Amino acid sequence: MSPFRSHMEAALAEARAAAARGEVPVGAVVVAPGGRILARGGNRSRELADPTAHAEMLALRAACAAVGSERLPGHDLYVTLEPCPMCAAAIGFARIRRLFYGAADPKSGGIAQGPRIYAHPQAHHRPEVYDGIAAAEAEALLTAFFAARR
């Protein structure tokens, strides 16, 4: 087994690109078994006029299309912000193996905050969850983005 390598920097790059487009700076990458980045996404809700165009959803859609399946067993997801309940459910439906996220989201998070999607008996799949990965940088991106809009 190869040593662990974080792909959070790639997710942060997607978050910075989202901010440059005027989107909330959240980025995500799906990593295939073996460590290759299979898909990337950054928030595009405003651009696409689509409330489901969160970074995680876009990355999951692209990864599923790339492998030709609605499920991604053995794949990992890196995202800069704790996924919301919608994204947390989609991550479970996709059968993501491990979820790595940066900043906690006390207002809208769905994993460690709020509804805690994977704690429910109705959760069909519970990925391994690792939080706080590059949290300070992810938080700084979000804080700067919202400060500039006030």
# chains A, B, ... in the order shown; residues from 1 in each chain; ligands from 1
>>> residues_around(residues="Ala90 in chain A", least_positions_apart="4", cutoff="9 Å", atoms="only C-alpha atoms", output="list in words")
Glu56, Met57, Leu60, Pro85, Met86, Ala94 and Arg95 of chain A
>>> write_last_selection(atoms="all heavy atoms", output="compact mmCIF listing (two decimals), in the first residue's frame")
# COMPACT_ATOMS: atom_id res chain seq x y z
N GLU A 56 -18.77 19.62 -4.44
CA GLU A 56 -18.80 18.16 -4.27
C GLU A 56 -19.69 17.51 -5.33
O GLU A 56 -19.32 16.47 -5.90
CB GLU A 56 -19.35 17.77 -2.89
CG GLU A 56 -18.63 18.39 -1.74
CD GLU A 56 -19.25 19.67 -1.22
OE1 GLU A 56 -19.63 20.53 -2.04
OE2 GLU A 56 -19.34 19.81 0.01
N MET A 57 -20.85 18.09 -5.57
CA MET A 57 -21.79 17.52 -6.53
C MET A 57 -21.17 17.50 -7.93
O MET A 57 -21.29 16.50 -8.65
CB MET A 57 -23.10 18.30 -6.54
CG MET A 57 -23.82 18.32 -5.19
SD MET A 57 -24.42 16.72 -4.67
CE MET A 57 -25.94 16.67 -5.61
N LEU A 60 -18.40 14.85 -8.03
CA LEU A 60 -18.98 13.51 -8.05
C LEU A 60 -19.58 13.18 -9.42
O LEU A 60 -19.38 12.07 -9.94
CB LEU A 60 -20.05 13.36 -6.97
CG LEU A 60 -19.56 13.30 -5.52
CD1 LEU A 60 -20.75 13.35 -4.57
CD2 LEU A 60 -18.71 12.07 -5.28
N PRO A 85 -25.90 18.96 4.04
CA PRO A 85 -26.66 17.71 4.05
C PRO A 85 -26.90 17.12 2.66
O PRO A 85 -26.80 15.90 2.48
CB PRO A 85 -27.98 18.10 4.73
CG PRO A 85 -27.61 19.25 5.61
CD PRO A 85 -26.56 20.01 4.84
N MET A 86 -27.17 17.96 1.66
CA MET A 86 -27.39 17.47 0.30
C MET A 86 -26.14 16.75 -0.21
O MET A 86 -26.21 15.64 -0.73
CB MET A 86 -27.75 18.62 -0.64
CG MET A 86 -27.82 18.24 -2.11
SD MET A 86 -28.06 19.63 -3.22
CE MET A 86 -26.50 20.50 -3.09
N ALA A 94 -22.89 7.78 -3.51
CA ALA A 94 -21.80 7.45 -4.44
C ALA A 94 -20.86 6.39 -3.86
O ALA A 94 -20.00 5.89 -4.57
CB ALA A 94 -21.02 8.71 -4.80
N ARG A 95 -21.03 6.08 -2.60
CA ARG A 95 -20.19 5.07 -1.92
C ARG A 95 -18.72 5.47 -1.85
O ARG A 95 -17.82 4.64 -1.97
CB ARG A 95 -20.32 3.69 -2.55
CG ARG A 95 -21.73 3.14 -2.66
CD ARG A 95 -22.37 2.98 -1.28
NE ARG A 95 -23.59 2.17 -1.32
CZ ARG A 95 -24.81 2.66 -1.34
NH1 ARG A 95 -25.01 3.96 -1.35
NH2 ARG A 95 -25.86 1.85 -1.33
>>> residues_around(residues="range 140-147 of chain A", least_positions_apart="2", cutoff="12 Å", atoms="only C-alpha atoms", output="list in words")
Leu12, Ala13, Glu14, Ala15, Arg16, Ala17, Ala18, Ala19, Ala20, Arg21, Gly22, Glu23, Val24, Pro25, Val26, Gly27, Thr80, Leu81, Gly102, Ala103, Ala104, Asp105, Ala134, Ala135, Ala136, Glu137, Ala138, Arg149 and Arg150 of chain A
>>> write_last_selection(atoms="N, CA, C and O atoms", output="compact mmCIF listing (two decimals), in the first residue's frame")
# COMPACT_ATOMS: atom_id res chain seq x y z
N LEU A 12 -8.15 23.13 -2.71
CA LEU A 12 -8.01 24.56 -2.41
C LEU A 12 -7.84 25.37 -3.70
O LEU A 12 -8.36 26.48 -3.81
N ALA A 13 -7.14 24.82 -4.68
CA ALA A 13 -7.00 25.51 -5.97
C ALA A 13 -8.37 25.68 -6.63
O ALA A 13 -8.66 26.74 -7.22
N GLU A 14 -9.22 24.66 -6.53
CA GLU A 14 -10.58 24.77 -7.07
C GLU A 14 -11.38 25.82 -6.30
O GLU A 14 -12.19 26.55 -6.88
N ALA A 15 -11.18 25.91 -5.00
CA ALA A 15 -11.87 26.92 -4.19
C ALA A 15 -11.43 28.32 -4.58
O ALA A 15 -12.27 29.23 -4.71
N ARG A 16 -10.13 28.50 -4.79
CA ARG A 16 -9.64 29.83 -5.22
C ARG A 16 -10.21 30.20 -6.59
O ARG A 16 -10.59 31.34 -6.83
N ALA A 17 -10.31 29.23 -7.49
CA ALA A 17 -10.90 29.49 -8.81
C ALA A 17 -12.38 29.85 -8.68
O ALA A 17 -12.87 30.73 -9.40
N ALA A 18 -13.09 29.20 -7.77
CA ALA A 18 -14.50 29.52 -7.55
C ALA A 18 -14.63 30.96 -7.06
O ALA A 18 -15.48 31.72 -7.54
N ALA A 19 -13.78 31.36 -6.13
CA ALA A 19 -13.82 32.74 -5.62
C ALA A 19 -13.56 33.74 -6.74
O ALA A 19 -14.23 34.78 -6.82
N ALA A 20 -12.63 33.43 -7.62
CA ALA A 20 -12.32 34.32 -8.74
C ALA A 20 -13.51 34.48 -9.68
O ALA A 20 -13.64 35.50 -10.35
N ARG A 21 -14.41 33.48 -9.71
CA ARG A 21 -15.62 33.55 -10.53
C ARG A 21 -16.77 34.21 -9.78
O ARG A 21 -17.89 34.29 -10.29
N GLY A 22 -16.54 34.62 -8.53
CA GLY A 22 -17.59 35.23 -7.73
C GLY A 22 -18.45 34.22 -6.99
O GLY A 22 -19.50 34.57 -6.46
N GLU A 23 -18.00 32.98 -6.94
CA GLU A 23 -18.72 31.91 -6.24
C GLU A 23 -18.15 31.75 -4.83
O GLU A 23 -16.99 32.09 -4.59
N VAL A 24 -18.94 31.21 -3.94
CA VAL A 24 -18.43 30.88 -2.61
C VAL A 24 -17.25 29.93 -2.80
O VAL A 24 -17.36 28.94 -3.53
N PRO A 25 -16.09 30.23 -2.18
CA PRO A 25 -14.88 29.47 -2.44
C PRO A 25 -14.85 28.09 -1.77
O PRO A 25 -14.29 27.91 -0.69
N VAL A 26 -15.45 27.15 -2.44
CA VAL A 26 -15.40 25.75 -2.02
C VAL A 26 -14.93 24.95 -3.22
O VAL A 26 -15.41 25.15 -4.34
N GLY A 27 -13.99 24.05 -2.96
CA GLY A 27 -13.46 23.20 -4.01
C GLY A 27 -13.42 21.76 -3.57
O GLY A 27 -13.36 21.46 -2.37
N THR A 80 -12.97 21.40 0.63
CA THR A 80 -12.43 22.43 1.51
C THR A 80 -13.36 22.82 2.65
O THR A 80 -12.90 23.40 3.64
N LEU A 81 -14.63 22.51 2.55
CA LEU A 81 -15.61 22.87 3.58
C LEU A 81 -16.46 21.66 3.91
O LEU A 81 -16.79 20.87 3.01
N GLY A 102 -11.84 20.27 5.02
CA GLY A 102 -11.07 21.29 5.71
C GLY A 102 -11.84 21.96 6.82
O GLY A 102 -11.88 21.49 7.95
N ALA A 103 -12.48 23.07 6.50
CA ALA A 103 -13.16 23.89 7.49
C ALA A 103 -14.48 23.27 7.93
O ALA A 103 -15.21 22.70 7.11
N ALA A 104 -14.77 23.40 9.22
CA ALA A 104 -16.09 23.02 9.72
C ALA A 104 -17.09 24.06 9.28
O ALA A 104 -16.75 25.22 9.03
N ASP A 105 -18.35 23.66 9.16
CA ASP A 105 -19.41 24.60 8.76
C ASP A 105 -20.54 24.54 9.79
O ASP A 105 -21.52 23.82 9.62
N ALA A 134 -6.09 21.12 6.31
CA ALA A 134 -5.85 22.48 5.79
C ALA A 134 -6.99 23.42 6.14
O ALA A 134 -7.36 24.30 5.37
N ALA A 135 -7.56 23.23 7.32
CA ALA A 135 -8.72 24.01 7.75
C ALA A 135 -8.43 25.52 7.80
O ALA A 135 -9.27 26.31 7.38
N ALA A 136 -7.27 25.90 8.28
CA ALA A 136 -6.96 27.33 8.41
C ALA A 136 -6.98 28.02 7.06
O ALA A 136 -7.53 29.12 6.93
N GLU A 137 -6.41 27.39 6.03
CA GLU A 137 -6.41 28.02 4.71
C GLU A 137 -7.81 28.06 4.12
O GLU A 137 -8.22 29.06 3.52
N ALA A 138 -8.57 27.00 4.30
CA ALA A 138 -9.95 26.98 3.79
C ALA A 138 -10.79 28.05 4.48
O ALA A 138 -11.57 28.77 3.83
N ARG A 149 -17.59 41.11 0.54
CA ARG A 149 -18.96 41.34 0.09
C ARG A 149 -19.80 42.13 1.07
O ARG A 149 -20.93 42.43 0.81
N ARG A 150 -19.23 42.43 2.22
CA ARG A 150 -19.98 43.18 3.24
C ARG A 150 -19.73 44.65 3.14
O ARG A 150 -18.88 45.18 2.63
>>> atom_distance(atom1="CA of Thr52 in chain A", atom2="CA of Arg36 in chain A")
25.5 Å
>>> closest_residue(among="A:Gly42, A:Gly132, A:Gly92, A:Gly110", to="Ala59 in chain A", atoms="only C-alpha atoms")
A:Gly42
>>> closest_residue(among="A:Leu48, A:Val31, A:Ala53, A:Val129", to="Leu77 in chain A", atoms="only C-alpha atoms")
A:Val31
>>> residues_around(residues="Arg116 in chain A", least_positions_apart="5", cutoff="12 Å", atoms="only C-alpha atoms", output="list in words")
Glu82, Pro83, Cys84, Pro85, Met86, Cys87, Ala88, Ala89, Asp105, Pro106, Ser108, Gly109, Gly110, Ile111, Pro121, Gln122, Ala123, Arg126 and Val129 of chain A
>>> write_last_selection(atoms="N, CA, C and O atoms", output="short mmCIF file (atom, residue, chain, number, x, y, z; two decimals), in the first residue's frame")
data_model
loop_
_atom_site.label_atom_id
_atom_site.label_comp_id
_atom_site.auth_asym_id
_atom_site.auth_seq_id
_atom_site.Cartn_x
_atom_site.Cartn_y
_atom_site.Cartn_z
N GLU A 82 -16.83 21.52 5.16
CA GLU A 82 -17.71 20.43 5.57
C GLU A 82 -18.93 20.38 4.66
O GLU A 82 -19.61 21.38 4.49
N PRO A 83 -19.20 19.25 4.04
CA PRO A 83 -20.33 19.16 3.12
C PRO A 83 -21.68 19.43 3.80
O PRO A 83 -21.89 19.07 4.96
N CYS A 84 -22.56 20.07 3.04
CA CYS A 84 -23.93 20.32 3.50
C CYS A 84 -24.69 18.99 3.50
O CYS A 84 -24.20 17.99 2.97
N PRO A 85 -25.90 18.96 4.04
CA PRO A 85 -26.66 17.71 4.05
C PRO A 85 -26.90 17.12 2.66
O PRO A 85 -26.80 15.90 2.48
N MET A 86 -27.17 17.96 1.66
CA MET A 86 -27.39 17.47 0.30
C MET A 86 -26.14 16.75 -0.21
O MET A 86 -26.21 15.64 -0.73
N CYS A 87 -25.00 17.40 -0.06
CA CYS A 87 -23.75 16.82 -0.55
C CYS A 87 -23.36 15.59 0.26
O CYS A 87 -22.87 14.61 -0.29
N ALA A 88 -23.58 15.64 1.57
CA ALA A 88 -23.26 14.48 2.41
C ALA A 88 -24.05 13.26 1.96
O ALA A 88 -23.51 12.15 1.86
N ALA A 89 -25.33 13.46 1.66
CA ALA A 89 -26.15 12.34 1.18
C ALA A 89 -25.62 11.82 -0.16
O ALA A 89 -25.49 10.61 -0.35
N ASP A 105 -18.35 23.66 9.16
CA ASP A 105 -19.41 24.60 8.76
C ASP A 105 -20.54 24.54 9.79
O ASP A 105 -21.52 23.82 9.62
N PRO A 106 -20.41 25.32 10.89
CA PRO A 106 -21.42 25.27 11.94
C PRO A 106 -22.82 25.70 11.47
O PRO A 106 -23.81 25.27 12.04
N SER A 108 -24.15 25.40 8.11
CA SER A 108 -24.79 24.57 7.08
C SER A 108 -24.21 23.18 6.93
O SER A 108 -24.60 22.45 6.01
N GLY A 109 -23.29 22.79 7.78
CA GLY A 109 -22.67 21.47 7.66
C GLY A 109 -23.64 20.34 7.92
O GLY A 109 -24.63 20.51 8.65
N GLY A 110 -23.36 19.21 7.33
CA GLY A 110 -24.25 18.07 7.48
C GLY A 110 -23.58 16.82 8.03
O GLY A 110 -24.19 15.76 8.07
N ILE A 111 -22.32 16.95 8.44
CA ILE A 111 -21.59 15.76 8.88
C ILE A 111 -21.30 15.81 10.38
O ILE A 111 -21.73 14.95 11.12
N PRO A 121 -29.58 6.02 11.21
CA PRO A 121 -29.69 4.61 10.79
C PRO A 121 -30.08 4.47 9.32
O PRO A 121 -29.82 3.44 8.71
N GLN A 122 -30.69 5.52 8.74
CA GLN A 122 -31.08 5.47 7.33
C GLN A 122 -29.91 5.64 6.38
O GLN A 122 -30.05 5.45 5.18
N ALA A 123 -28.75 6.01 6.89
CA ALA A 123 -27.57 6.18 6.04
C ALA A 123 -27.15 4.81 5.51
O ALA A 123 -26.80 3.91 6.28
N ARG A 126 -21.52 4.87 5.06
CA ARG A 126 -20.82 5.85 5.88
C ARG A 126 -19.35 5.84 5.50
O ARG A 126 -18.63 4.90 5.85
N VAL A 129 -14.46 9.51 7.69
CA VAL A 129 -14.43 10.97 7.63
C VAL A 129 -13.23 11.49 8.41
O VAL A 129 -13.00 11.09 9.55
#
>>> select_by_dssp(residues="chain A", states="strand (DSSP E or B)", output="VMD selection string")
chain A and resid 27 to 31 37 to 42 76 to 81 98 to 103 128 to 130
>>> residues_around(residues="Ala62 in chain A", least_positions_apart="2", cutoff="12 Å", atoms="only C-alpha atoms", output="PyMOL selection string")
chain A and resi 28-31+37-42+53+55-60+64-72+94
>>> atom_distance(atom1="CA of Pro73 in chain A", atom2="CA of Pro33 in chain A")
8.9 Å
>>> select_by_dssp(residues="range 45-111 of chain A", states="helix (DSSP H, G or I)", output="list in words")
Ser45, Arg46, Glu47, Leu48, Ala55, Glu56, Met57, Leu58, Ala59, Leu60, Arg61, Ala62, Ala63, Cys64, Ala65, Ala66, Val67, Pro85, Met86, Cys87, Ala88, Ala89, Ala90, Ile91, Gly92 and Phe93 of chain A
>>> write_last_selection(atoms="N, CA, C and O atoms", output="mmCIF file, in the first residue's frame")
data_model
loop_
_atom_site.group_PDB
_atom_site.id
_atom_site.type_symbol
_atom_site.label_atom_id
_atom_site.label_comp_id
_atom_site.auth_asym_id
_atom_site.auth_seq_id
_atom_site.Cartn_x
_atom_site.Cartn_y
_atom_site.Cartn_z
ATOM 1 N N SER A 45 -22.870 27.479 -8.407
ATOM 2 C CA SER A 45 -24.316 27.676 -8.232
ATOM 3 C C SER A 45 -24.825 28.940 -8.915
ATOM 4 O O SER A 45 -25.864 28.911 -9.574
ATOM 5 N N ARG A 46 -24.102 30.033 -8.754
ATOM 6 C CA ARG A 46 -24.534 31.298 -9.383
ATOM 7 C C ARG A 46 -24.363 31.241 -10.895
ATOM 8 O O ARG A 46 -25.255 31.608 -11.644
ATOM 9 N N GLU A 47 -23.214 30.786 -11.321
ATOM 10 C CA GLU A 47 -22.908 30.719 -12.759
ATOM 11 C C GLU A 47 -23.921 29.866 -13.513
ATOM 12 O O GLU A 47 -24.366 30.227 -14.599
ATOM 13 N N LEU A 48 -24.282 28.731 -12.937
ATOM 14 C CA LEU A 48 -25.193 27.803 -13.607
ATOM 15 C C LEU A 48 -26.652 27.998 -13.202
ATOM 16 O O LEU A 48 -27.523 27.285 -13.718
ATOM 17 N N ALA A 55 -19.483 22.268 -5.171
ATOM 18 C CA ALA A 55 -18.212 21.671 -5.603
ATOM 19 C C ALA A 55 -18.250 20.146 -5.546
ATOM 20 O O ALA A 55 -17.836 19.464 -6.495
ATOM 21 N N GLU A 56 -18.768 19.616 -4.442
ATOM 22 C CA GLU A 56 -18.795 18.162 -4.274
ATOM 23 C C GLU A 56 -19.686 17.505 -5.328
ATOM 24 O O GLU A 56 -19.317 16.470 -5.897
ATOM 25 N N MET A 57 -20.848 18.091 -5.569
ATOM 26 C CA MET A 57 -21.791 17.519 -6.533
ATOM 27 C C MET A 57 -21.174 17.500 -7.930
ATOM 28 O O MET A 57 -21.287 16.501 -8.652
ATOM 29 N N LEU A 58 -20.529 18.590 -8.304
ATOM 30 C CA LEU A 58 -19.913 18.667 -9.630
ATOM 31 C C LEU A 58 -18.771 17.666 -9.768
ATOM 32 O O LEU A 58 -18.637 17.000 -10.805
ATOM 33 N N ALA A 59 -17.952 17.542 -8.736
ATOM 34 C CA ALA A 59 -16.843 16.582 -8.783
ATOM 35 C C ALA A 59 -17.370 15.147 -8.825
ATOM 36 O O ALA A 59 -16.852 14.315 -9.585
ATOM 37 N N LEU A 60 -18.395 14.853 -8.033
ATOM 38 C CA LEU A 60 -18.977 13.506 -8.048
ATOM 39 C C LEU A 60 -19.577 13.178 -9.416
ATOM 40 O O LEU A 60 -19.381 12.075 -9.940
ATOM 41 N N ARG A 61 -20.305 14.126 -9.999
ATOM 42 C CA ARG A 61 -20.907 13.900 -11.325
ATOM 43 C C ARG A 61 -19.831 13.609 -12.373
ATOM 44 O O ARG A 61 -19.975 12.687 -13.182
ATOM 45 N N ALA A 62 -18.767 14.405 -12.354
ATOM 46 C CA ALA A 62 -17.692 14.209 -13.333
ATOM 47 C C ALA A 62 -16.988 12.873 -13.116
ATOM 48 O O ALA A 62 -16.667 12.170 -14.082
ATOM 49 N N ALA A 63 -16.763 12.500 -11.867
ATOM 50 C CA ALA A 63 -16.100 11.228 -11.582
ATOM 51 C C ALA A 63 -16.976 10.054 -11.999
ATOM 52 O O ALA A 63 -16.481 9.090 -12.605
ATOM 53 N N CYS A 64 -18.256 10.132 -11.703
ATOM 54 C CA CYS A 64 -19.168 9.045 -12.097
ATOM 55 C C CYS A 64 -19.216 8.910 -13.618
ATOM 56 O O CYS A 64 -19.219 7.792 -14.149
ATOM 57 N N ALA A 65 -19.245 10.040 -14.312
ATOM 58 C CA ALA A 65 -19.238 10.000 -15.776
ATOM 59 C C ALA A 65 -17.944 9.377 -16.290
ATOM 60 O O ALA A 65 -17.958 8.595 -17.248
ATOM 61 N N ALA A 66 -16.828 9.692 -15.643
ATOM 62 C CA ALA A 66 -15.532 9.170 -16.088
ATOM 63 C C ALA A 66 -15.435 7.656 -15.929
ATOM 64 O O ALA A 66 -14.835 6.985 -16.766
ATOM 65 N N VAL A 67 -16.047 7.119 -14.875
ATOM 66 C CA VAL A 67 -15.965 5.667 -14.668
ATOM 67 C C VAL A 67 -17.188 4.934 -15.204
ATOM 68 O O VAL A 67 -17.202 3.710 -15.252
ATOM 69 N N PRO A 85 -25.896 18.959 4.044
ATOM 70 C CA PRO A 85 -26.662 17.709 4.053
ATOM 71 C C PRO A 85 -26.897 17.121 2.661
ATOM 72 O O PRO A 85 -26.805 15.899 2.480
ATOM 73 N N MET A 86 -27.174 17.958 1.664
ATOM 74 C CA MET A 86 -27.388 17.466 0.302
ATOM 75 C C MET A 86 -26.144 16.753 -0.212
ATOM 76 O O MET A 86 -26.211 15.638 -0.734
ATOM 77 N N CYS A 87 -25.000 17.398 -0.058
ATOM 78 C CA CYS A 87 -23.754 16.817 -0.549
ATOM 79 C C CYS A 87 -23.356 15.591 0.264
ATOM 80 O O CYS A 87 -22.868 14.607 -0.294
ATOM 81 N N ALA A 88 -23.578 15.636 1.571
ATOM 82 C CA ALA A 88 -23.256 14.477 2.410
ATOM 83 C C ALA A 88 -24.051 13.263 1.962
ATOM 84 O O ALA A 88 -23.508 12.154 1.863
ATOM 85 N N ALA A 89 -25.335 13.458 1.660
ATOM 86 C CA ALA A 89 -26.153 12.338 1.179
ATOM 87 C C ALA A 89 -25.621 11.823 -0.158
ATOM 88 O O ALA A 89 -25.491 10.607 -0.353
ATOM 89 N N ALA A 90 -25.288 12.720 -1.076
ATOM 90 C CA ALA A 90 -24.758 12.302 -2.381
ATOM 91 C C ALA A 90 -23.439 11.546 -2.230
ATOM 92 O O ALA A 90 -23.199 10.566 -2.936
ATOM 93 N N ILE A 91 -22.601 11.977 -1.308
ATOM 94 C CA ILE A 91 -21.329 11.297 -1.054
ATOM 95 C C ILE A 91 -21.600 9.867 -0.605
ATOM 96 O O ILE A 91 -20.948 8.924 -1.057
ATOM 97 N N GLY A 92 -22.575 9.702 0.268
ATOM 98 C CA GLY A 92 -22.952 8.360 0.704
ATOM 99 C C GLY A 92 -23.523 7.529 -0.426
ATOM 100 O O GLY A 92 -23.169 6.359 -0.597
ATOM 101 N N PHE A 93 -24.417 8.122 -1.228
ATOM 102 C CA PHE A 93 -25.008 7.392 -2.356
ATOM 103 C C PHE A 93 -23.942 6.957 -3.358
ATOM 104 O O PHE A 93 -24.060 5.905 -3.982
#
